[in-house]
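I have placed the structure first, in the form of structure tokens, so that the comments after it can refer back to it.
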Amino acid sequence: ATRLRTQTNAAPGSRHTGVTDTHAQAAMILLTVLVSRILLLPGTPGPLLPTSAGRRCCIPRFCEMQDDLSAASLRDELQRRGLRTALEELEDDGPSAFKDPEKVIEYVMLNLQHNKAGGITEAFRFTSSPAGRVSFVSGSPMSSERISWRKGTVIEGYVSGGALSFEAFQAELLECYSLLLGCQSWRFAVLHPQTFAPLARKGDNDFAREYLLSVDGTAVAVRLIYDWGSWCYLLYSVEIMDGEAASQVA
């Protein structure tokens with residue numbers, strides 16, 4: 001058998017025999033690793049990586065922190081990336097599919113809290129129309145009237161109650177729901193003990209929900225029904241509670 005020997009410049013019998021080749025191999029491996037690494041710069045797309053499905057995905061761009069980071073700069077960055085928050089989608093799209101009922105309440109309440117006149121308009125926009133007055137083709141209301149928050153109820157899965165024009169709806173909110181207009185604070189009063197997500201009490205069917213809010217320490221029950229025309233939960237009743245119910249959420 002022929003034994004392969006490593007020839008080096010070291011003297012025979014020296015302990016350094018083969019060390020030179022070992023160092024060379026290690027250097028070559030290190031060089032290969034360094035060359036294979038691609039440095040990512042902020043704002044540049046990353047390398048394409050193979051996925052288990054055989055497709056190629058792109059590493060997300062880095063988000064570079066800035067000293068002047070603010071809500072405005074964050075909004076500009078989201079717009080630049082073509083992203084919208086859930087509340088922005090509600091503002092832009094109106095009642096439409098894939099809108100969470102909690103976000104509908106949050107959007108209406110924030111508008112009533114910070115924008116009195118415009119808030120009533122948005123509340124009217126996200127209030128259910130009388131039964132049978134929404135197009136099941138386009139999802140658009142076929143009536144300029146909305147259900148009264150004071151008289152709204154659900155009978156056999158359909159919303160019922162007094163139908164109000166915008167002017168009458170505005171007068172109702174100014175007279176009966178002044179607590180909500182410009183309130184100091186509000187929150188969902190009933191939350192999941194682990195996830196802290198708002199919990200709803202379902203009505204007689206899965207298409208009606210009720211959420212309990214605490215508005216400046218007063219209990220307010222907000223009820224929604226799923227509108228099959230717009231594929232969205234819409235308000236149909238708001239009840240300002242008092243007595244024992246109010247003390248439980250104060």
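Residues in the structure tokens are numbered from 1 in each chain, the chains being A, B, ... in the order shown, and ligands are numbered from 1 in the order shown.
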Residues near Ile120 in chain A, anyone? I mean within 9 Å using only C-alpha atoms, not counting same-chain ones fewer than 3 positions away, as a PDB file with C-alpha atoms, in the first residue's frame.
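Contents of the output file part-v2.pdb:
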```pdb
ATOM      1  CA  VAL A 108     -66.896  54.890  16.575  1.00  0.00           C
ATOM      2  CA  ASN A 111     -64.547  59.561  16.734  1.00  0.00           C
ATOM      3  CA  LEU A 112     -67.202  60.490  19.298  1.00  0.00           C
ATOM      4  CA  ASN A 115     -64.360  64.690  16.928  1.00  0.00           C
ATOM      5  CA  LYS A 116     -67.861  65.587  18.060  1.00  0.00           C
ATOM      6  CA  ALA A 117     -69.413  66.658  14.750  1.00  0.00           C
ATOM      7  CA  ALA A 123     -71.479  56.732  14.174  1.00  0.00           C
ATOM      8  CA  PHE A 124     -74.369  57.130  11.722  1.00  0.00           C
ATOM      9  CA  ARG A 125     -72.237  55.461   9.039  1.00  0.00           C
ATOM     10  CA  PHE A 169     -80.017  60.627  14.708  1.00  0.00           C
ATOM     11  CA  GLN A 170     -77.783  63.597  15.511  1.00  0.00           C
ATOM     12  CA  LEU A 173     -77.081  61.528  20.284  1.00  0.00           C
ATOM     13  CA  LEU A 181     -69.331  62.973  23.109  1.00  0.00           C
TER      14      LEU A 181
END
```
Min atom-atom distance to Lys99 in chain A from the set A:Cys232, A:Ile240, A:Val159, A:Ala208, counting only C-alpha atoms, belongs to A:Cys232
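Restricting the calculation to only C-alpha atoms, the smallest distance between Pro130 in chain A and any of A:Ser96, A:Ser178, A:Ser148, A:Ser73 is found for A:Ser148.
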TODO: Name the residues in contact with Glu91 in chain A at a cut-off of 12 Å, using only C-alpha atoms, excluding same-chain residues fewer than 3 positions from it; report them as a ChimeraX atom specification.
DONE: /A:84-88,94-96,99,103-104,106-108,110-111,118-119,121-123,125-126
- Residue with smallest distance to Thr153 in chain A - pool A:Leu212, A:Ala189, A:Met241, A:Leu235, counting only C-alpha atoms: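 Smallest distance to Thr153 in chain A is found for A:Leu235.
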Write out as a PyMOL selection string the residues lying within 9 Å of Glu210 in chain A, counting only C-alpha atoms and excluding same-chain residues fewer than 5 positions away. chain A and resi 199-203+221-225
Item to complete: Identify which of the residues A:Glu156, A:Glu89, A:Glu102, A:Asp227 lies closest to Leu213 in chain A, counting only C-alpha atoms when measuring atom-to-atom distances.
Response: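 Closest to Leu213 in chain A of all the choices is A:Glu102.
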Requested in this report: Point out the residue among A:Asp76, A:Glu145, A:Asp100, A:Asp93 with the least atom-to-atom distance to Ala168 in chain A, counting only C-alpha atoms.
Outcome: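 Of the candidates, the smallest distance to Ala168 in chain A is held by A:Glu145.
Closest approach to Gly162 in chain A from the set A:Ser143, A:Ala219, A:Tyr236, A:Phe196 is made by A:Tyr236, with distances taken over only C-alpha atoms.
In this model, the gap between CA of Ser128 in chain A and CA of Ile147 in chain A comes to 5.9 Å.
One finds CA of Val215 in chain A at 7.0 Å from CA of Cys183 in chain A.
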